[in-house]
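Source file: start-v7.cif; contents: mmCIF, C-alpha atoms and all ligand atoms.
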data_structure
loop_
_atom_site.label_atom_id
_atom_site.label_comp_id
_atom_site.auth_asym_id
_atom_site.auth_seq_id
_atom_site.Cartn_x
_atom_site.Cartn_y
_atom_site.Cartn_z
CA MET D 169 12.65 4.20 -7.07
CA LYS D 170 9.52 4.01 -9.16
CA ILE D 171 6.46 1.89 -8.64
CA THR D 172 3.86 1.62 -11.33
CA LEU D 173 0.73 -0.40 -11.44
CA ILE D 174 -0.16 -1.70 -14.83
CA GLY D 175 -3.36 -3.58 -15.58
CA THR D 176 -3.27 -5.48 -18.85
CA ALA D 177 -6.06 -4.25 -21.07
CA ALA D 178 -5.68 -7.33 -23.24
CA ALA D 179 -6.18 -9.62 -20.29
CA ALA D 180 -9.14 -7.69 -19.01
CA ALA D 181 -10.77 -7.76 -22.42
CA LEU D 182 -10.13 -11.44 -22.76
CA VAL D 183 -11.49 -12.27 -19.39
CA ALA D 184 -14.57 -10.05 -19.61
CA GLY D 185 -16.72 -12.63 -21.31
CA SER D 186 -15.34 -15.80 -19.75
CA ALA D 187 -15.92 -17.59 -16.48
CA MET D 188 -12.97 -17.35 -14.12
CA ALA D 189 -11.80 -19.51 -11.29
CA GLN D 190 -10.36 -16.40 -9.68
CA ASP D 191 -12.67 -13.48 -9.00
CA THR D 192 -9.90 -10.97 -8.33
CA PRO D 193 -6.96 -10.42 -10.68
CA ILE D 194 -3.77 -12.29 -9.92
CA ARG D 195 -1.09 -9.80 -8.98
CA ILE D 196 2.43 -10.36 -10.19
CA GLY D 197 5.14 -8.27 -8.58
CA LEU D 198 8.18 -7.57 -10.71
CA MET D 199 11.30 -6.65 -8.74
CA LEU D 200 13.91 -5.96 -11.39
CA PRO D 201 16.55 -3.36 -12.21
CA TYR D 202 15.12 -0.59 -14.37
CA SER D 203 18.13 1.70 -13.81
CA GLY D 204 21.90 1.24 -13.61
CA THR D 205 24.27 -1.22 -15.28
CA TYR D 206 21.60 -3.99 -15.40
CA ALA D 207 18.70 -1.77 -16.65
CA GLN D 208 18.56 -3.35 -20.11
CA LEU D 209 18.34 -6.80 -18.54
CA GLY D 210 15.32 -5.81 -16.48
CA ALA D 211 13.58 -4.30 -19.50
CA ASN D 212 14.06 -7.40 -21.65
CA ILE D 213 12.88 -9.75 -18.91
CA THR D 214 9.77 -7.66 -18.28
CA ASP D 215 8.75 -7.23 -21.91
CA ALA D 216 9.30 -10.85 -22.88
CA MET D 217 7.51 -12.15 -19.81
CA GLN D 218 4.43 -10.07 -20.54
CA MET D 219 4.60 -11.16 -24.18
CA ALA D 220 4.55 -14.84 -23.19
CA MET D 221 1.65 -14.25 -20.81
CA GLU D 222 -0.38 -12.51 -23.51
CA GLU D 223 0.40 -15.24 -26.04
CA ARG D 224 -1.10 -17.71 -23.58
CA ASN D 225 -4.09 -15.56 -22.61
CA ASN D 226 -2.52 -15.01 -19.19
CA GLY D 227 -3.18 -18.63 -18.32
CA GLY D 228 -6.91 -17.90 -18.47
CA VAL D 229 -7.03 -15.36 -15.65
CA GLU D 230 -6.91 -11.61 -15.26
CA VAL D 231 -3.49 -10.36 -14.17
CA GLU D 232 -2.09 -7.12 -12.84
CA TYR D 233 1.58 -6.25 -12.72
CA VAL D 234 3.27 -4.19 -10.04
CA GLN D 235 6.73 -3.05 -11.08
CA LEU D 236 9.43 -2.00 -8.65
CA ASP D 237 12.94 -0.85 -9.57
CA SER D 238 15.31 -3.03 -7.53
CA GLU D 239 18.18 -0.76 -8.61
CA ALA D 240 20.30 -3.94 -8.29
CA ASP D 241 20.77 -2.81 -4.70
CA PRO D 242 21.05 -5.68 -2.20
CA SER D 243 20.71 -3.35 0.79
CA ALA D 244 17.13 -2.44 -0.23
CA ALA D 245 16.07 -5.95 -1.24
CA VAL D 246 14.33 -7.14 1.93
CA GLU D 247 12.35 -3.93 2.31
CA ASN D 248 11.37 -3.88 -1.37
CA ALA D 249 10.22 -7.50 -1.35
CA ARG D 250 8.21 -6.89 1.82
CA ARG D 251 6.60 -3.83 0.27
CA LEU D 252 5.44 -5.83 -2.75
CA ILE D 253 4.06 -8.61 -0.58
CA ASP D 254 2.60 -6.64 2.33
CA ARG D 255 1.51 -3.36 0.76
CA ASP D 256 0.89 -4.30 -2.86
CA GLN D 257 -0.43 -7.75 -1.97
CA VAL D 258 1.20 -9.56 -4.87
CA ASP D 259 0.36 -13.24 -5.31
CA ILE D 260 3.53 -14.12 -7.22
CA LEU D 261 6.91 -12.43 -7.07
CA VAL D 262 9.23 -12.31 -10.11
CA GLY D 263 12.83 -11.17 -9.75
CA PRO D 264 15.63 -10.30 -9.53
CA VAL D 265 18.65 -9.96 -11.85
CA HIS D 266 21.31 -9.45 -9.18
CA SER D 267 22.38 -12.30 -6.89
CA GLY D 268 22.72 -10.04 -3.84
CA VAL D 269 19.15 -8.83 -4.30
CA ALA D 270 18.06 -12.45 -4.68
CA MET D 271 19.42 -13.27 -1.23
CA GLY D 272 17.10 -10.66 0.29
CA MET D 273 14.08 -11.85 -1.70
CA VAL D 274 14.75 -15.48 -0.81
CA GLN D 275 14.95 -14.58 2.86
CA VAL D 276 11.54 -12.87 2.68
CA VAL D 277 9.66 -15.52 0.68
CA ARG D 278 11.00 -18.30 2.87
CA GLN D 279 9.01 -16.58 5.63
CA THR D 280 5.88 -15.59 3.69
CA GLY D 281 5.58 -18.63 1.39
CA THR D 282 4.98 -16.34 -1.63
CA PRO D 283 5.86 -18.08 -4.91
CA LEU D 284 9.12 -16.57 -6.19
CA ILE D 285 10.29 -17.07 -9.76
CA ILE D 286 13.83 -15.90 -10.37
CA PRO D 287 14.21 -14.90 -14.05
CA ASN D 288 17.95 -14.28 -13.86
CA ALA D 289 19.97 -14.12 -10.62
CA GLY D 290 22.16 -17.21 -10.46
CA VAL D 291 23.08 -17.23 -6.77
CA LEU D 292 23.74 -20.88 -5.87
CA ALA D 293 22.01 -20.74 -2.48
CA ALA D 294 18.57 -19.98 -4.00
CA THR D 295 18.41 -23.50 -5.41
CA GLY D 296 21.01 -24.86 -2.98
CA GLU D 297 21.07 -24.50 0.77
CA LEU D 298 18.17 -22.01 0.78
CA CYS D 299 16.00 -23.95 -1.69
CA ALA D 300 12.30 -24.08 -0.87
CA PRO D 301 9.05 -25.42 -2.36
CA ASN D 302 8.04 -21.85 -3.32
CA ILE D 303 11.34 -20.83 -4.96
CA PHE D 304 11.85 -21.47 -8.69
CA ARG D 305 14.40 -20.31 -11.21
CA THR D 306 13.83 -20.08 -14.98
CA SER D 307 17.39 -18.97 -15.70
CA PHE D 308 20.54 -20.76 -14.47
CA SER D 309 22.77 -21.11 -11.45
CA ASN D 310 25.95 -19.09 -11.85
CA TRP D 311 27.92 -22.33 -11.76
CA GLN D 312 26.01 -23.78 -14.74
CA PRO D 313 27.25 -21.68 -17.68
CA ALA D 314 30.70 -21.13 -16.14
CA TYR D 315 31.72 -24.71 -15.36
CA PRO D 316 31.88 -25.94 -19.00
CA SER D 317 34.13 -22.98 -19.89
CA GLY D 318 36.94 -24.51 -17.83
CA PHE D 319 37.01 -27.56 -20.09
CA VAL D 320 36.70 -25.44 -23.23
CA ALA D 321 39.73 -23.33 -22.29
CA TYR D 322 41.81 -26.40 -21.33
CA GLU D 323 40.91 -28.24 -24.53
CA ALA D 324 41.95 -25.17 -26.53
CA GLY D 325 45.42 -25.60 -25.01
CA ALA D 326 45.40 -23.26 -22.00
CA ARG D 327 47.26 -24.53 -18.94
CA THR D 328 47.26 -21.34 -16.84
CA ALA D 329 44.38 -18.95 -16.36
CA VAL D 330 43.47 -15.76 -14.50
CA THR D 331 39.86 -15.00 -13.53
CA LEU D 332 38.37 -11.55 -13.11
CA SER D 333 34.90 -10.48 -11.99
CA TRP D 334 32.83 -8.20 -9.82
CA ASP D 335 33.27 -8.94 -6.13
CA TYR D 336 29.83 -10.28 -5.25
CA GLY D 337 28.06 -13.65 -5.18
CA ALA D 338 27.64 -14.02 -8.94
CA GLY D 339 31.29 -13.27 -9.65
CA HIS D 340 32.49 -15.72 -7.03
CA ASP D 341 30.08 -18.47 -8.12
CA ALA D 342 30.93 -18.08 -11.82
CA THR D 343 34.70 -17.85 -11.50
CA GLY D 344 34.54 -20.70 -9.00
CA GLY D 345 32.72 -22.86 -11.56
CA PHE D 346 35.34 -22.11 -14.21
CA ALA D 347 38.21 -22.74 -11.79
CA GLN D 348 36.69 -26.07 -10.71
CA ALA D 349 36.53 -27.45 -14.25
CA PHE D 350 39.85 -25.95 -15.37
CA THR D 351 41.59 -27.53 -12.38
CA GLU D 352 39.76 -30.85 -12.83
CA ALA D 353 41.03 -30.88 -16.43
CA GLY D 354 44.64 -30.33 -15.27
CA GLY D 355 45.05 -26.56 -15.58
CA GLU D 356 46.07 -24.04 -12.93
CA VAL D 357 44.25 -20.84 -12.00
CA VAL D 358 47.17 -18.59 -11.09
CA GLU D 359 45.17 -15.57 -9.85
CA GLN D 360 41.54 -14.65 -9.09
CA LEU D 361 41.00 -10.89 -9.37
CA PHE D 362 37.92 -8.93 -8.25
CA LEU D 363 36.65 -5.36 -8.32
CA PRO D 364 33.59 -3.94 -6.55
CA PHE D 365 30.18 -4.09 -8.29
CA PRO D 366 29.41 -2.17 -10.53
CA ASP D 367 32.84 -0.52 -10.95
CA THR D 368 34.39 -0.43 -14.40
CA ASN D 369 37.88 0.71 -13.54
CA PHE D 370 39.41 -2.25 -15.38
CA GLN D 371 42.69 -0.66 -16.50
CA PRO D 372 44.91 -1.47 -13.49
CA LEU D 373 43.66 -5.06 -13.48
CA LEU D 374 44.30 -5.43 -17.20
CA THR D 375 47.84 -4.17 -16.69
CA GLN D 376 48.29 -6.79 -13.98
CA ILE D 377 46.91 -9.51 -16.28
CA ALA D 378 49.21 -8.44 -19.11
CA SER D 379 52.23 -8.77 -16.83
CA MET D 380 51.14 -12.23 -15.60
CA ASN D 381 50.58 -13.31 -19.21
CA PRO D 382 48.36 -16.35 -18.55
CA ASP D 383 47.25 -18.70 -21.34
CA ALA D 384 43.60 -17.68 -20.81
CA VAL D 385 41.41 -15.17 -19.00
CA PHE D 386 37.91 -16.02 -17.72
CA VAL D 387 35.55 -13.24 -16.66
CA PHE D 388 32.06 -12.67 -15.30
CA PHE D 389 30.60 -9.32 -16.37
CA ALA D 390 27.19 -8.41 -17.80
CA GLY D 391 25.16 -5.47 -19.09
CA GLY D 392 26.81 -2.05 -19.29
CA GLY D 393 29.88 -3.33 -17.43
CA ALA D 394 30.44 -6.05 -20.04
CA VAL D 395 30.45 -3.46 -22.84
CA GLN D 396 33.08 -1.44 -21.03
CA PHE D 397 35.17 -4.51 -20.24
CA LEU D 398 35.25 -5.78 -23.84
CA ASN D 399 36.24 -2.34 -25.11
CA ASP D 400 38.96 -1.99 -22.47
CA TYR D 401 40.34 -5.51 -23.06
CA ASN D 402 40.65 -4.60 -26.72
CA ALA D 403 42.17 -1.15 -26.07
CA ALA D 404 44.73 -2.74 -23.71
CA GLY D 405 45.94 -4.84 -26.63
CA LEU D 406 44.85 -8.10 -24.99
CA HIS D 407 42.10 -9.02 -27.44
CA GLY D 408 43.54 -11.59 -29.82
CA THR D 409 46.63 -11.92 -27.60
CA ILE D 410 45.35 -13.67 -24.47
CA PRO D 411 42.22 -15.74 -25.26
CA LEU D 412 39.21 -14.45 -23.34
CA TYR D 413 36.46 -16.75 -22.02
CA GLY D 414 33.37 -16.03 -20.01
CA SER D 415 29.89 -17.00 -19.00
CA GLY D 416 27.95 -15.90 -22.08
CA PHE D 417 26.53 -12.84 -20.31
CA LEU D 418 29.79 -11.21 -21.33
CA THR D 419 28.68 -11.05 -24.96
CA ASP D 420 24.87 -11.38 -24.82
CA GLY D 421 22.90 -8.23 -25.55
CA VAL D 422 26.06 -6.14 -25.87
CA LEU D 423 27.46 -6.86 -29.34
CA ASP D 424 25.89 -3.84 -31.02
CA ALA D 425 27.74 -1.65 -28.55
CA VAL D 426 31.23 -3.18 -28.88
CA GLY D 427 31.83 -3.33 -32.64
CA ASP D 428 34.55 -5.87 -33.41
CA ALA D 429 36.11 -5.73 -29.92
CA ALA D 430 34.52 -9.09 -29.10
CA ASP D 431 35.16 -10.90 -32.40
CA GLY D 432 36.23 -14.49 -31.81
CA VAL D 433 35.51 -14.48 -28.07
CA GLN D 434 34.16 -17.87 -26.97
CA THR D 435 31.61 -18.07 -24.20
CA THR D 436 29.35 -20.72 -22.72
CA LEU D 437 25.66 -20.17 -22.04
CA HIS D 438 22.23 -21.80 -22.11
CA TYR D 439 21.31 -19.72 -25.18
CA ALA D 440 22.88 -18.70 -28.50
CA ASP D 441 21.89 -16.81 -31.63
CA GLY D 442 20.37 -18.83 -34.47
CA LEU D 443 19.41 -21.97 -32.57
CA ASP D 444 17.67 -24.59 -34.65
CA ASN D 445 14.37 -25.15 -32.86
CA ALA D 446 10.75 -24.31 -33.61
CA VAL D 447 10.28 -21.84 -30.75
CA ASP D 448 13.26 -19.53 -31.13
CA GLY D 449 12.58 -17.96 -34.53
CA PRO D 450 8.97 -16.89 -33.88
CA PHE D 451 9.96 -15.74 -30.37
CA ARG D 452 12.72 -13.49 -31.70
CA GLU D 453 10.50 -12.04 -34.39
CA ALA D 454 7.68 -11.31 -31.96
CA PHE D 455 10.03 -9.78 -29.39
CA GLU D 456 11.65 -7.50 -31.94
CA ALA D 457 8.27 -6.45 -33.36
CA ARG D 458 7.03 -5.66 -29.86
CA THR D 459 10.07 -3.86 -28.46
CA GLY D 460 12.26 -2.83 -31.38
CA ARG D 461 15.11 -4.66 -29.65
CA VAL D 462 16.93 -7.86 -30.55
CA ALA D 463 16.18 -10.75 -28.19
CA ASP D 464 18.94 -12.03 -25.92
CA VAL D 465 19.27 -14.50 -23.07
CA TYR D 466 17.46 -12.16 -20.66
CA ALA D 467 14.47 -11.92 -22.99
CA VAL D 468 14.48 -15.73 -23.18
CA GLN D 469 14.46 -16.05 -19.40
CA GLY D 470 11.64 -13.50 -19.12
CA TYR D 471 9.68 -15.33 -21.81
CA ASP D 472 10.08 -18.63 -20.01
CA THR D 473 8.98 -17.03 -16.74
CA GLY D 474 5.77 -15.94 -18.49
CA GLN D 475 5.36 -19.38 -20.01
CA LEU D 476 5.85 -21.04 -16.63
CA ILE D 477 3.30 -18.83 -14.88
CA ALA D 478 0.71 -19.17 -17.67
CA GLN D 479 1.15 -22.93 -18.00
CA THR D 480 0.88 -23.44 -14.26
CA LEU D 481 -2.23 -21.27 -14.05
CA GLU D 482 -3.75 -23.35 -16.85
CA ALA D 483 -2.82 -26.55 -15.03
CA VAL D 484 -4.67 -25.50 -11.86
CA GLY D 485 -7.62 -24.00 -13.72
CA GLY D 486 -6.68 -20.48 -12.63
CA ASP D 487 -7.17 -21.31 -8.95
CA ILE D 488 -4.20 -20.37 -6.80
CA SER D 489 -5.98 -20.76 -3.47
CA ASP D 490 -4.35 -24.16 -2.94
CA LEU D 491 -0.76 -22.97 -2.85
CA ASP D 492 0.75 -26.45 -2.45
CA ALA D 493 -1.08 -27.70 -5.55
CA PHE D 494 -0.01 -24.60 -7.48
CA LEU D 495 3.65 -25.07 -6.54
CA GLU D 496 3.57 -28.77 -7.27
CA ALA D 497 2.12 -28.09 -10.72
CA MET D 498 4.84 -25.51 -11.32
CA GLY D 499 7.61 -28.02 -10.64
CA GLU D 500 6.10 -30.46 -13.12
CA GLN D 501 6.08 -28.09 -16.11
CA THR D 502 8.17 -28.70 -19.21
CA ILE D 503 9.07 -25.40 -20.83
CA ALA D 504 9.31 -25.17 -24.63
CA SER D 505 11.96 -22.47 -24.41
CA PRO D 506 13.70 -20.60 -27.22
CA ARG D 507 16.87 -22.10 -25.67
CA GLY D 508 15.48 -25.64 -26.20
CA GLU D 509 13.09 -27.59 -24.02
CA PHE D 510 13.85 -27.83 -20.31
CA THR D 511 12.46 -29.26 -17.09
CA PHE D 512 13.18 -28.40 -13.46
CA SER D 513 15.51 -30.23 -11.11
CA ASP D 514 14.22 -31.26 -7.68
CA ALA D 515 15.73 -28.00 -6.42
CA HIS D 516 13.67 -26.06 -9.06
CA ASN D 517 16.55 -24.99 -11.30
CA PRO D 518 16.49 -25.68 -15.09
CA ILE D 519 18.30 -28.77 -16.35
CA GLN D 520 19.65 -27.51 -19.65
CA ASP D 521 22.21 -27.71 -22.43
CA ILE D 522 25.09 -25.26 -22.23
CA TYR D 523 26.14 -24.06 -25.67
CA LEU D 524 29.61 -23.08 -26.81
CA ARG D 525 29.28 -19.82 -28.71
CA GLU D 526 31.72 -17.69 -30.65
CA VAL D 527 31.26 -14.04 -31.57
CA ARG D 528 31.15 -13.75 -35.36
CA ASP D 529 29.81 -10.72 -37.24
CA GLY D 530 27.92 -9.38 -34.24
CA GLN D 531 26.28 -12.72 -33.39
CA ASN D 532 26.80 -15.26 -30.62
CA VAL D 533 27.03 -18.15 -33.05
CA MET D 534 26.49 -21.64 -31.59
CA ILE D 535 29.55 -23.73 -32.44
CA GLY D 536 28.80 -26.72 -30.26
CA VAL D 537 27.20 -28.03 -27.10
CA ALA D 538 29.71 -27.57 -24.29
CA TYR D 539 27.68 -29.66 -21.84
CA GLU D 540 24.43 -31.54 -22.38
CA ASP D 541 21.59 -31.55 -19.86
CA LEU D 542 23.64 -29.89 -17.16
CA ALA D 543 21.99 -29.82 -13.73
CA ASP D 544 23.30 -27.62 -10.95
CA PRO D 545 24.59 -29.84 -8.09
CA ALA D 546 22.17 -28.03 -5.71
CA THR D 547 24.63 -28.45 -2.87
CA GLY D 548 22.90 -28.18 0.50
CA CYS D 549 19.32 -28.40 -0.81
CA THR D 550 17.33 -30.74 1.41
CA MET D 551 13.82 -30.02 0.16
C1 LIG D 601 23.72 -12.36 -10.97
O1 LIG D 601 23.88 -11.43 -10.18
O2 LIG D 601 23.50 -13.53 -10.58
C2 LIG D 601 23.81 -12.11 -12.44
C3 LIG D 601 23.67 -10.82 -12.93
C4 LIG D 601 23.73 -10.60 -14.30
C5 LIG D 601 23.94 -11.65 -15.17
C6 LIG D 601 24.08 -12.95 -14.68
C7 LIG D 601 24.02 -13.19 -13.31
O3 LIG D 601 23.99 -11.45 -16.48
#
What would the structure in this file look like if it were written as structure tokens?
Amino acid sequence: MKITLIGTAAAAALVAGSAMAQDTPIRIGLMLPYSGTYAQLGANITDAMQMAMEERNNGGVEVEYVQLDSEADPSAAVENARRLIDRDQVDILVGPVHSGVAMGMVQVVRQTGTPLIIPNAGVLAATGELCAPNIFRTSFSNWQPAYPSGFVAYEAGARTAVTLSWDYGAGHDATGGFAQAFTEAGGEVVEQLFLPFPDTNFQPLLTQIASMNPDAVFVFFAGGGAVQFLNDYNAAGLHGTIPLYGSGFLTDGVLDAVGDAADGVQTTLHYADGLDNAVDGPFREAFEARTGRVADVYAVQGYDTGQLIAQTLEAVGGDISDLDAFLEAMGEQTIASPRGEFTFSDAHNPIQDIYLREVRDGQNVMIGVAYEDLADPATGCTM
């Protein structure tokens, strides 16, 4: 585990000559995976978030970042979140990527009242039964990108499907969303297969799928695990034989590493390559110039987290002492995202278009809108 404290020189320089509502820097704690299968996701979220903050002069205040490697380890989540809040005295918490880690963070901030902005983890409860005035998500619920896939697969002619994912909250929520829509449309999910997170021993499961020979396969995998899965699906002779669907995390940020093993795979997600809006092009250029990496959905979510924090700070004149006013202002923000503009539901989850994408020449090309303005049902949220 590494903890680094980074002051932003740019922010300090900017603030030096200006009056500030806040006489001490605002501390933002980042609890994200910087190692393991989700390491690349954490890096993209962090870099894009800081880029958005700088573009907006940090909302007019001085900020400090405290970074903590969550290691995507749910068992350390409560302790790590407490450390950031109690020892490092962060004012705002940003994280995590992994739904299991999110459960620990949510538990802590429901007690402390610390504003939490989730830049990835899609666990339903965070904006469902455990929703709270201080919990926001700039990403998605795991149901959101998965649900439209069920209709896509059915409309393409599939009548039977098998789902496969890691055996933790995100996998269950995503495959559940697909199964719900596929069944509503008239299809039948004949088997739901799981393997422990972050295992990549896919071979026995692929053999099982080949013998069941369903019309479609839907999966939830991301990061390093998604690369391995796409390569193994191809090597098992299933690519091009049994149509593969997934939440778009399956093919986002991984195409350079899989060659043509993902060609033609259709996924659904709240982002795609080459979207036609005024924000996306400049965002991608700036991100690539800053990091040397191509932007993906995780960079978008990080960017929008930075935009949300900066916009809200601007809205309250940099004064976070009235926490209720700060949180209320946060919920009212409209985010001009590279994914397209979005607002927050009452449960603080983005209401957003879900795109249908197809992998062509190393790009997640947008081939349609699978579901417009999709809001998570926020089951159990009584805020
Ligand atoms: C999650 O754990 O909710 C999760 C992780 C990685 C993703 C998407 C969702 O790409």
Which residues are near ligand LIG 601 (chain D) in this structure, taking near to mean any atom at most 6 Å from a ligand atom and counting all atoms listed in the file? Format them as a PDB file with C-alpha atoms, in the frame of the given file.
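Below is the file that was written, selection.pdb:
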ATOM      1  CA  VAL D 265      18.650  -9.960 -11.850  1.00  0.00           C
ATOM      2  CA  HIS D 266      21.310  -9.450  -9.180  1.00  0.00           C
ATOM      3  CA  SER D 267      22.380 -12.300  -6.890  1.00  0.00           C
ATOM      4  CA  ALA D 289      19.970 -14.120 -10.620  1.00  0.00           C
ATOM      5  CA  GLY D 290      22.160 -17.210 -10.460  1.00  0.00           C
ATOM      6  CA  VAL D 291      23.080 -17.230  -6.770  1.00  0.00           C
ATOM      7  CA  ALA D 338      27.640 -14.020  -8.940  1.00  0.00           C
ATOM      8  CA  ALA D 390      27.190  -8.410 -17.800  1.00  0.00           C
ATOM      9  CA  PHE D 417      26.530 -12.840 -20.310  1.00  0.00           C
TER      10      PHE D 417
END
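The shortest atom-to-atom distance to D:Tyr315, with only C-alpha atoms taken into account, belongs to D:Gly414 out of D:Pro242, D:Gly414, D:Pro201, D:Pro287.
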> With distances taken over all atoms listed in the file, which of D:Leu481, D:Ala493, D:Val527, D:Ala454 is nearest to D:Met219?
Replying inline: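 Going through D:Leu481, D:Ala493, D:Val527, D:Ala454 one by one, the smallest distance to D:Met219 is for D:Ala454.
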> What is the distance, in Å and to one decimal place, between atom CA of D:Arg528 and atom CA of D:Asn399?
Replying inline: 16.2 Å
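For the pair atom CA of D:Gly427 and atom CA of D:Glu526, the interatomic distance is 14.5 Å.
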> From the set D:Ala347, D:Leu524, D:Val246, D:Ile410, which residue has the shortest atom-to-atom contact distance to D:Gln279, counting only C-alpha atoms?
Replying inline: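 Nearest candidate to D:Gln279 out of D:Ala347, D:Leu524, D:Val246, D:Ile410: D:Val246.
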Extract, using all atoms listed in the file, all DNA, RNA and protein residues at most 7 Å from stretch 248-260 of chain D, discarding same-chain residues fewer than 2 positions from it, and format them as a PDB file with C-alpha atoms, keeping the file's coordinate frame.
ATOM      1  CA  ILE D 194      -3.770 -12.290  -9.920  1.00  0.00           C
ATOM      2  CA  ARG D 195      -1.090  -9.800  -8.980  1.00  0.00           C
ATOM      3  CA  ILE D 196       2.430 -10.360 -10.190  1.00  0.00           C
ATOM      4  CA  GLY D 197       5.140  -8.270  -8.580  1.00  0.00           C
ATOM      5  CA  ALA D 244      17.130  -2.440  -0.230  1.00  0.00           C
ATOM      6  CA  ALA D 245      16.070  -5.950  -1.240  1.00  0.00           C
ATOM      7  CA  VAL D 246      14.330  -7.140   1.930  1.00  0.00           C
ATOM      8  CA  VAL D 262       9.230 -12.310 -10.110  1.00  0.00           C
ATOM      9  CA  MET D 273      14.080 -11.850  -1.700  1.00  0.00           C
ATOM     10  CA  VAL D 276      11.540 -12.870   2.680  1.00  0.00           C
ATOM     11  CA  THR D 282       4.980 -16.340  -1.630  1.00  0.00           C
ATOM     12  CA  PRO D 283       5.860 -18.080  -4.910  1.00  0.00           C
ATOM     13  CA  LEU D 284       9.120 -16.570  -6.190  1.00  0.00           C
TER      14      LEU D 284
END
If I only have part of stretch 319-324 of chain D, can you fill in all heavy atoms and write it as a tab-separated table (two decimals), in the coordinates of the input?
chain	number	residue	atom	x	y	z
D	319	PHE	N	36.59	-26.48	-19.18
D	319	PHE	CA	37.01	-27.56	-20.09
D	319	PHE	C	37.31	-27.01	-21.47
D	319	PHE	O	38.25	-27.44	-22.14
D	319	PHE	CB	35.91	-28.64	-20.18
D	319	PHE	CG	35.64	-29.32	-18.86
D	319	PHE	CD1	34.42	-29.20	-18.22
D	319	PHE	CD2	36.64	-30.07	-18.24
D	319	PHE	CE1	34.18	-29.82	-17.01
D	319	PHE	CE2	36.41	-30.71	-17.02
D	319	PHE	CZ	35.19	-30.57	-16.41
D	320	VAL	N	36.50	-26.03	-21.91
D	320	VAL	CA	36.70	-25.44	-23.23
D	320	VAL	C	38.10	-24.80	-23.31
D	320	VAL	O	38.85	-25.02	-24.27
D	320	VAL	CB	35.61	-24.39	-23.54
D	320	VAL	CG1	35.95	-23.59	-24.79
D	320	VAL	CG2	34.24	-25.06	-23.67
D	321	ALA	N	38.43	-24.02	-22.28
D	321	ALA	CA	39.73	-23.33	-22.29
D	321	ALA	C	40.88	-24.35	-22.26
D	321	ALA	O	41.88	-24.21	-22.98
D	321	ALA	CB	39.83	-22.39	-21.09
D	322	TYR	N	40.74	-25.39	-21.43
D	322	TYR	CA	41.81	-26.40	-21.33
D	322	TYR	C	41.97	-27.12	-22.66
D	322	TYR	O	43.10	-27.32	-23.14
D	322	TYR	CB	41.48	-27.40	-20.21
D	322	TYR	CG	42.62	-28.35	-19.94
D	322	TYR	CD1	43.66	-28.01	-19.07
D	322	TYR	CD2	42.68	-29.59	-20.59
D	322	TYR	CE1	44.72	-28.87	-18.83
D	322	TYR	CE2	43.74	-30.45	-20.37
D	322	TYR	CZ	44.75	-30.10	-19.49
D	322	TYR	OH	45.82	-30.95	-19.27
D	323	GLU	N	40.84	-27.51	-23.25
D	323	GLU	CA	40.91	-28.24	-24.53
D	323	GLU	C	41.49	-27.39	-25.65
D	323	GLU	O	42.07	-27.91	-26.60
D	323	GLU	CB	39.53	-28.78	-24.91
D	323	GLU	CG	39.24	-30.10	-24.22
D	323	GLU	CD	37.76	-30.43	-24.14
D	323	GLU	OE1	37.01	-30.01	-25.03
D	323	GLU	OE2	37.38	-31.09	-23.15
D	324	ALA	N	41.36	-26.06	-25.52
D	324	ALA	CA	41.95	-25.17	-26.53
D	324	ALA	C	43.46	-25.00	-26.30
D	324	ALA	O	44.11	-24.29	-27.05
D	324	ALA	CB	41.25	-23.82	-26.49
